[in-house]
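What follows is protein.txt (compact mmCIF, C-alpha atoms).
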# COMPACT_ATOMS: atom_id res chain seq x y z
CA MET A 1 -16.67 -35.70 1.11
CA SER A 2 -14.50 -36.04 -2.00
CA ASP A 3 -14.75 -32.28 -2.64
CA ASN A 4 -12.67 -31.70 0.48
CA LYS A 5 -9.86 -34.00 -0.59
CA PRO A 6 -6.49 -32.40 -1.37
CA THR A 7 -5.48 -32.45 -5.02
CA ILE A 8 -2.30 -34.21 -6.14
CA LEU A 9 -0.86 -33.59 -9.60
CA VAL A 10 1.14 -36.55 -10.93
CA VAL A 11 3.57 -35.70 -13.74
CA ASP A 12 5.22 -38.60 -15.61
CA ASP A 13 5.77 -39.37 -19.29
CA VAL A 14 5.05 -43.08 -18.69
CA PRO A 15 1.29 -43.76 -18.34
CA GLU A 16 1.90 -46.93 -16.34
CA ASN A 17 3.70 -44.93 -13.65
CA ILE A 18 0.76 -42.53 -13.49
CA ASP A 19 -1.60 -45.48 -13.09
CA ILE A 20 0.46 -46.89 -10.22
CA LEU A 21 0.49 -43.60 -8.30
CA THR A 22 -3.20 -42.98 -9.03
CA GLY A 23 -4.05 -46.41 -7.62
CA ILE A 24 -2.10 -45.62 -4.43
CA LEU A 25 -3.65 -42.19 -3.93
CA LYS A 26 -7.20 -42.28 -5.32
CA ASP A 27 -8.91 -43.25 -2.04
CA ASP A 28 -7.50 -40.28 -0.13
CA TYR A 29 -6.87 -37.61 -2.77
CA ARG A 30 -8.14 -36.11 -5.99
CA VAL A 31 -5.54 -37.09 -8.57
CA ARG A 32 -4.81 -35.19 -11.77
CA ALA A 33 -2.15 -36.18 -14.28
CA ALA A 34 0.11 -34.72 -16.95
CA THR A 35 2.49 -36.59 -19.25
CA ASN A 36 4.93 -33.74 -19.92
CA GLY A 37 6.27 -30.54 -18.44
CA PRO A 38 4.34 -27.95 -20.48
CA SER A 39 1.04 -29.73 -19.80
CA ALA A 40 1.86 -29.84 -16.09
CA LEU A 41 2.60 -26.10 -15.99
CA SER A 42 -0.64 -25.36 -17.83
CA LEU A 43 -2.66 -27.47 -15.37
CA VAL A 44 -1.05 -25.74 -12.41
CA LYS A 45 -2.00 -22.35 -13.88
CA LYS A 46 -5.62 -23.38 -14.39
CA MET A 47 -6.18 -25.47 -11.23
CA PRO A 48 -3.35 -25.21 -8.68
CA PRO A 49 -2.90 -28.53 -6.85
CA ASP A 50 -1.98 -28.95 -3.20
CA LEU A 51 1.10 -31.03 -4.01
CA ILE A 52 2.97 -32.22 -7.12
CA LEU A 53 4.60 -35.62 -7.70
CA LEU A 54 7.09 -34.90 -10.49
CA ASP A 55 9.14 -37.29 -12.60
CA VAL A 56 12.66 -36.10 -13.40
CA MET A 57 13.55 -37.91 -16.60
CA MET A 58 11.08 -36.69 -19.21
CA PRO A 59 11.70 -35.81 -22.87
CA GLY A 60 11.84 -32.14 -23.80
CA MET A 61 11.38 -30.34 -20.49
CA ASP A 62 12.72 -32.46 -17.64
CA GLY A 63 11.52 -32.36 -14.05
CA PHE A 64 14.28 -30.03 -12.91
CA GLU A 65 13.22 -27.41 -15.46
CA VAL A 66 9.53 -27.85 -14.58
CA CYS A 67 10.34 -27.31 -10.90
CA ARG A 68 12.38 -24.21 -11.73
CA GLU A 69 9.45 -22.78 -13.68
CA LEU A 70 7.06 -23.51 -10.83
CA LYS A 71 9.29 -21.85 -8.26
CA ALA A 72 9.85 -18.79 -10.45
CA ASP A 73 6.10 -18.09 -10.57
CA LEU A 74 4.64 -16.32 -7.52
CA SER A 75 1.34 -18.16 -7.97
CA SER A 76 2.90 -21.63 -7.75
CA ARG A 77 6.21 -21.24 -5.96
CA LYS A 78 4.88 -22.43 -2.60
CA ILE A 79 3.26 -25.65 -3.87
CA PRO A 80 5.34 -28.57 -2.52
CA VAL A 81 7.07 -30.62 -5.21
CA ILE A 82 8.23 -34.19 -4.57
CA PHE A 83 10.43 -35.77 -7.20
CA VAL A 84 9.51 -39.36 -8.05
CA THR A 85 12.43 -40.83 -9.97
CA ALA A 86 14.79 -43.70 -10.56
CA MET A 87 17.67 -41.24 -10.25
CA GLY A 88 18.99 -41.80 -6.74
CA GLU A 89 22.50 -40.43 -6.84
CA VAL A 90 23.47 -37.81 -4.26
CA GLU A 91 24.24 -35.33 -7.03
CA ASP A 92 20.76 -35.78 -8.46
CA GLU A 93 19.13 -35.25 -5.08
CA SER A 94 21.23 -32.14 -4.42
CA ARG A 95 20.23 -30.73 -7.78
CA GLY A 96 16.57 -31.40 -7.02
CA PHE A 97 16.68 -29.65 -3.66
CA ALA A 98 18.56 -26.75 -5.27
CA VAL A 99 15.72 -26.11 -7.73
CA GLY A 100 13.10 -26.23 -4.96
CA CYS A 101 11.77 -29.73 -4.38
CA VAL A 102 10.87 -30.71 -0.80
CA ASP A 103 11.52 -34.46 -1.00
CA TYR A 104 12.53 -37.44 -3.14
CA ILE A 105 10.76 -40.76 -3.67
CA THR A 106 12.69 -43.38 -5.64
CA LYS A 107 11.20 -45.81 -8.13
CA PRO A 108 9.89 -48.43 -7.86
CA VAL A 109 7.67 -46.68 -5.36
CA SER A 110 6.52 -48.10 -2.04
CA PRO A 111 2.83 -47.28 -1.34
CA PRO A 112 3.33 -46.69 2.42
CA ILE A 113 6.27 -44.36 1.73
CA VAL A 114 4.34 -42.43 -0.91
CA LYS A 115 1.35 -41.98 1.40
CA HIS A 116 3.50 -41.00 4.38
CA ARG A 117 5.60 -38.48 2.48
CA ILE A 118 2.55 -36.84 0.94
CA LYS A 119 0.73 -36.68 4.27
CA THR A 120 3.78 -35.10 5.95
CA HIS A 121 4.34 -32.44 3.31
CA LEU A 122 0.66 -31.56 2.99
CA ALA A 123 0.56 -31.06 6.77
CA LEU A 124 3.59 -28.76 6.56
CA TYR A 125 2.05 -26.92 3.62
CA ASP A 126 -1.21 -26.41 5.48
CA GLN A 127 0.67 -25.23 8.56
CA ASN A 128 2.68 -22.72 6.51
CA ARG A 129 -0.45 -21.44 4.81
CA GLY A 130 -2.10 -21.01 8.18
CA LEU A 131 0.87 -19.08 9.50
CA GLU A 132 0.94 -16.88 6.39
CA THR A 133 -2.75 -16.12 6.84
CA GLN A 134 -2.13 -15.13 10.46
CA VAL A 135 0.78 -12.91 9.44
CA GLN A 136 -1.35 -11.25 6.74
CA GLU A 137 -4.18 -10.66 9.22
CA ARG A 138 -1.79 -9.19 11.79
CA THR A 139 -0.19 -7.03 9.10
CA VAL A 140 -3.60 -5.65 8.11
CA GLU A 141 -4.42 -5.01 11.78
CA LEU A 142 -1.11 -3.21 12.29
CA GLU A 143 -1.63 -1.09 9.18
CA GLN A 144 -5.13 -0.17 10.33
CA THR A 145 -3.73 0.75 13.75
CA ARG A 146 -1.12 3.00 12.14
CA LEU A 147 -3.83 4.71 10.11
CA GLN A 148 -5.97 5.21 13.20
CA VAL A 149 -3.04 6.75 15.10
CA ILE A 150 -2.40 9.15 12.21
CA HIS A 151 -6.07 10.07 11.84
CA ARG A 152 -6.65 10.52 15.58
CA LEU A 153 -3.64 12.79 15.93
CA GLY A 154 -4.80 14.78 12.92
CA ARG A 155 -8.25 15.00 14.46
CA ALA A 156 -6.75 16.15 17.77
CA SER A 157 -5.02 19.05 16.06
CA GLU A 158 -8.25 20.13 14.38
CA TYR A 159 -10.09 20.27 17.71
CA ARG A 160 -7.83 23.22 18.51
CA ASP A 161 -9.20 25.48 15.77
CA ASN A 162 -11.92 23.60 13.86
CA GLU A 163 -14.68 21.87 15.82
CA THR A 164 -15.89 19.60 13.04
CA GLY A 165 -12.52 18.44 11.74
CA LEU A 166 -13.93 18.52 8.20
CA HIS A 167 -10.94 20.59 7.10
CA VAL A 168 -8.60 17.58 7.26
CA ILE A 169 -11.09 15.43 5.37
CA ARG A 170 -11.58 17.96 2.59
CA MET A 171 -7.96 18.92 2.11
CA SER A 172 -6.82 15.27 2.24
CA HIS A 173 -9.21 14.42 -0.59
CA TYR A 174 -8.10 17.50 -2.53
CA ALA A 175 -4.49 16.32 -2.11
CA TYR A 176 -5.47 12.84 -3.31
CA CYS A 177 -7.03 14.29 -6.47
CA ILE A 178 -4.02 16.51 -7.15
CA GLY A 179 -1.68 13.56 -6.60
CA LEU A 180 -3.49 11.41 -9.15
CA ALA A 181 -3.47 14.29 -11.64
CA ALA A 182 0.29 14.65 -11.06
CA GLY A 183 0.88 11.01 -12.00
CA LEU A 184 0.98 9.28 -8.63
CA SER A 185 -0.16 5.66 -8.60
CA ARG A 186 -3.34 4.78 -6.70
CA ASP A 187 -1.24 3.41 -3.84
CA GLU A 188 0.95 6.53 -3.70
CA ALA A 189 -2.12 8.79 -3.79
CA ALA A 190 -3.71 6.71 -1.01
CA LEU A 191 -0.55 7.17 1.07
CA LEU A 192 -0.85 10.92 0.52
CA LEU A 193 -4.54 10.83 1.46
CA ASN A 194 -3.76 9.08 4.73
CA ALA A 195 -0.70 11.17 5.62
CA ALA A 196 -2.18 14.59 4.82
CA PRO A 197 -4.38 14.80 7.98
CA MET A 198 -1.18 15.13 10.02
CA HIS A 199 -0.13 18.38 8.32
CA ASP A 200 -1.12 20.59 11.26
CA VAL A 201 -0.60 18.20 14.16
CA GLY A 202 2.03 20.62 15.50
CA LYS A 203 -0.75 23.05 16.39
CA ILE A 204 -1.14 20.95 19.52
CA GLY A 205 1.91 22.85 20.76
CA ILE A 206 0.51 26.32 20.03
CA PRO A 207 -1.34 28.19 22.85
CA ASP A 208 -5.05 28.82 22.30
CA SER A 209 -4.50 32.54 22.78
CA ILE A 210 -2.55 32.50 19.52
CA LEU A 211 -4.26 29.69 17.66
CA ILE A 212 -7.81 31.04 17.87
CA LYS A 213 -7.02 34.72 18.17
CA PRO A 214 -9.64 36.63 16.12
CA ALA A 215 -7.19 39.38 15.22
CA LYS A 216 -3.83 39.81 13.56
CA LEU A 217 -0.95 38.12 15.37
CA THR A 218 1.93 40.13 16.79
CA PRO A 219 5.43 39.39 15.40
CA ASP A 220 6.25 37.30 18.48
CA GLU A 221 2.98 35.40 18.25
CA TRP A 222 3.52 34.78 14.54
CA ALA A 223 7.05 33.49 15.19
CA LEU A 224 5.63 30.93 17.64
CA MET A 225 2.77 30.04 15.30
CA ARG A 226 5.24 29.22 12.52
CA ARG A 227 6.92 26.68 14.77
CA HIS A 228 3.93 24.32 14.45
CA CYS A 229 5.69 22.73 11.47
CA GLU A 230 8.68 21.76 13.58
CA PHE A 231 6.42 20.73 16.47
CA GLY A 232 4.50 18.47 14.08
CA ALA A 233 7.63 16.77 12.77
CA SER A 234 8.77 16.20 16.35
CA ILE A 235 5.40 14.75 17.42
CA ILE A 236 5.32 12.30 14.50
CA GLY A 237 8.95 11.28 14.97
CA ASP A 238 11.40 9.76 12.51
CA TYR A 239 10.18 6.23 11.78
CA ALA A 240 10.94 4.07 8.75
CA HIS A 241 7.34 3.26 7.82
CA PRO A 242 6.23 5.18 4.68
CA LEU A 243 3.08 6.46 6.39
CA PHE A 244 5.04 8.10 9.19
CA GLN A 245 7.80 9.30 6.86
CA SER A 246 5.22 10.95 4.59
CA SER A 247 3.28 12.44 7.49
CA ARG A 248 6.44 13.93 8.98
CA SER A 249 7.54 15.37 5.65
CA ILE A 250 4.13 16.95 5.07
CA ALA A 251 3.97 18.43 8.57
CA LEU A 252 7.42 19.95 8.13
CA THR A 253 7.14 21.27 4.57
CA HIS A 254 3.53 22.24 3.80
CA HIS A 255 4.28 25.93 4.51
CA GLU A 256 7.35 26.09 2.30
CA LYS A 257 6.88 28.21 -0.84
CA TRP A 258 7.98 27.59 -4.41
CA ASN A 259 9.88 30.94 -4.41
CA GLY A 260 11.84 30.02 -1.27
CA GLU A 261 10.08 32.51 1.01
CA GLY A 262 8.18 29.96 3.08
CA TYR A 263 9.00 28.36 6.41
CA PRO A 264 10.51 26.75 8.44
CA ASN A 265 13.55 26.07 6.22
CA GLY A 266 13.15 28.37 3.23
CA LEU A 267 13.17 25.50 0.74
CA LYS A 268 12.74 26.49 -2.89
CA GLY A 269 11.20 24.82 -5.95
CA GLU A 270 11.70 21.07 -6.12
CA GLN A 271 13.71 21.14 -2.92
CA ILE A 272 10.25 20.96 -1.36
CA PRO A 273 9.05 17.32 -1.33
CA LEU A 274 6.19 16.63 -3.75
CA PHE A 275 3.76 15.70 -0.98
CA GLY A 276 4.50 19.00 0.77
CA ARG A 277 3.89 20.97 -2.44
CA ILE A 278 0.59 19.20 -3.05
CA VAL A 279 -0.66 19.65 0.52
CA ALA A 280 0.27 23.35 0.38
CA LEU A 281 -2.22 23.83 -2.45
CA ALA A 282 -4.95 21.71 -0.87
CA ASP A 283 -4.54 23.32 2.56
CA VAL A 284 -4.52 26.93 1.37
CA PHE A 285 -7.50 26.48 -0.93
CA ASP A 286 -9.53 24.99 1.90
CA ALA A 287 -8.41 27.69 4.34
CA LEU A 288 -9.43 30.43 1.90
CA SER A 289 -12.80 28.94 1.00
CA ASN A 290 -13.88 28.25 4.62
CA LYS A 291 -14.44 30.43 7.65
CA ARG A 292 -11.58 30.85 10.12
CA PRO A 293 -11.43 32.76 13.45
CA TYR A 294 -9.65 35.63 11.70
CA LYS A 295 -11.66 35.71 8.42
CA GLU A 296 -14.91 34.90 6.66
CA ALA A 297 -15.04 32.26 3.95
CA TRP A 298 -14.04 33.47 0.50
CA SER A 299 -16.01 32.47 -2.57
CA VAL A 300 -14.58 29.69 -4.71
CA GLU A 301 -13.93 32.19 -7.48
CA ALA A 302 -11.97 34.52 -5.20
CA SER A 303 -10.04 31.59 -3.72
CA LEU A 304 -9.07 30.31 -7.17
CA ALA A 305 -8.09 33.79 -8.30
CA TRP A 306 -5.68 34.07 -5.39
CA ILE A 307 -4.31 30.56 -6.02
CA SER A 308 -3.73 31.53 -9.67
CA SER A 309 -1.96 34.73 -8.64
CA GLN A 310 0.47 32.65 -6.59
CA ARG A 311 1.44 30.28 -9.43
CA GLY A 312 5.23 30.09 -9.37
CA GLU A 313 5.39 32.17 -6.17
CA HIS A 314 3.71 30.31 -3.32
CA PHE A 315 2.82 27.21 -5.35
CA ASP A 316 4.45 24.80 -7.79
CA PRO A 317 3.31 26.16 -11.19
CA GLU A 318 2.67 22.74 -12.75
CA LEU A 319 0.69 21.55 -9.73
CA THR A 320 -1.27 24.80 -9.78
CA ASP A 321 -2.30 24.19 -13.39
CA LEU A 322 -3.29 20.62 -12.58
CA PHE A 323 -5.29 21.76 -9.57
CA LEU A 324 -7.22 24.31 -11.62
CA SER A 325 -7.90 21.67 -14.29
CA ILE A 326 -9.54 19.21 -11.86
CA MET A 327 -11.91 21.61 -10.10
CA PRO A 328 -14.97 19.43 -10.86
CA ASP A 329 -13.38 16.65 -8.76
CA ILE A 330 -12.36 19.12 -6.05
CA MET A 331 -15.88 20.57 -5.89
CA LYS A 332 -17.40 17.12 -5.32
CA PHE A 333 -15.46 16.76 -2.08
CA MET A 334 -15.97 20.39 -1.14
CA GLU A 335 -19.74 19.91 -1.36
CA LYS A 336 -19.73 16.47 0.25
CA TYR A 337 -17.87 17.69 3.36
CA ALA A 338 -19.13 21.27 3.47
CA GLU A 339 -19.24 23.26 6.71
CA ASP A 340 -22.51 24.88 7.82
CA GLN A 341 -20.97 28.35 7.77
CA GLY A 342 -23.43 30.60 5.96
CA PRO A 343 -22.86 32.44 2.68
CA MET A 344 -19.39 32.82 1.28
CA VAL A 345 -18.03 36.30 0.63
CA SER A 346 -15.96 37.66 -2.18
CA ALA A 347 -12.46 38.88 -1.46
CA SER A 348 -10.09 41.25 -3.13
CA VAL A 349 -6.65 39.84 -3.81
Translate the structure of the given file into C-alpha cells.
Amino acid sequence: MSDNKPTILVVDDVPENIDILTGILKDDYRVRAATNGPSALSLVKKMPPDLILLDVMMPGMDGFEVCRELKADLSSRKIPVIFVTAMGEVEDESRGFAVGCVDYITKPVSPPIVKHRIKTHLALYDQNRGLETQVQERTVELEQTRLQVIHRLGRASEYRDNETGLHVIRMSHYAYCIGLAAGLSRDEAALLLNAAPMHDVGKIGIPDSILIKPAKLTPDEWALMRRHCEFGASIIGDYAHPLFQSSRSIALTHHEKWNGEGYPNGLKGEQIPLFGRIVALADVFDALSNKRPYKEAWSVEASLAWISSQRGEHFDPELTDLFLSIMPDIMKFMEKYAEDQGPMVSASV
C-alpha cells in the first residue's frame, strides 16, 4: 500500500531537476519537494521524511547550510541527507560529509544509482532506528530493575519493624511534596521519591532485640542502633548512578541535625545534603504520627507542634516552613496510606 511507502524529500531550486527525481522515485516512494532551503526546513518540521535528496547550489541558503540546520536540530539530525549536485570536486565532497551528509550523487543523475543509494541508506536508517529502539527498551528495563532493587531493599528493612511497610510509602511521598515545594524539578523530586525508601535499609544489620524493643534502649544498644546509617550506606554501595548515589546519601544523612548534634557525622546546616534534610522531616513526622513498638501514635497537631519546636534545631528552618505550608498535600498521602492503628493520642512536647 502507498501509505507504507517511505517518504523522500527532494530539495532543488530547478523544477526540472525535481521532476526528474520524482519520475525516478514515484513508483517506490512518496515524494515531496521544496525549491529552497527555508521551505525544506519548514517541511521537515511539519512532516519529517525518511530521507532527503538535497541540492547544494541554491540561491540564498545553500545545501551545506540546510544540512547544518538539519543536523543541529534534535528532531531531524538523524534523517539521512544525500547531496545531489553537479559539484564533484573532492573538496566539495569533504565539505558535504563534514556538515553531515551520508552520500553524494552527481548530476546528471543515473536512475539505477539513485534508487540503489536511496535503498541502501534507508536500510541503514531503519536498522539504526531499530537498534535505538532496542537500546531505549533495554534502558527502561534496566531503570525499572534498579527501582525494584531499591524498593525491595527498602521493603526488607521495613519488615524488621513495620509489618505493612506503609511507612516508606508515606514518608517517600511526603519527601516528594517537600522537594517540589523547595523548588526541585519533577524529575529531581521523582528521584527523591524513589531513593527515600532506602533511608533505613541499614536496620537490616540491627538485632531484633534492639530494633523492636518496647522499652528505652541502653547506651550500648543506642550506640549500635545509630550505626544503621553507616550500615545502610555500606549495603547500598558507592555507585555512579544517581538513584544509588541519592539512596546512599539519604541512608547516611537522614539522622543528621541542622544544629550539628545529629549522627553519624555531626554535619551542620547546609553541610547536610538537601535530600537528607528533606527525608529527616518526612521520616520524623511519620514516626511521630504513627504507632511504634516504643510509643503510641501522636496526633497530627502534637506531631506538628514538635516539628515546629525543632525548626532551626533538628530541621532546616526553611524546609520546616515549607513543610508546614503544604500540610493539605501531606494529609492526602497520610490518609491514603494510613495504618489501622486505632485512635491517635496527644503528646506533650
Compile the contact shell of stretch 51-65 of chain A as a PyMOL selection string: residues with an atom at most 7 Å away, counting only C-alpha atoms, same-chain residues fewer than 3 positions apart removed. chain A and resi 7-13+36-37+68-69+79-85+96+99
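The nearest approach to A:Tyr174 among the residues A:Gly237, A:Pro197, A:Pro15, A:Pro214, with all atoms listed in the file taken into account, belongs to A:Pro197.
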Quick one: distance from atom CA of A:Ser209 to atom CA of A:Ala196 in Å, one decimal? 25.5 Å
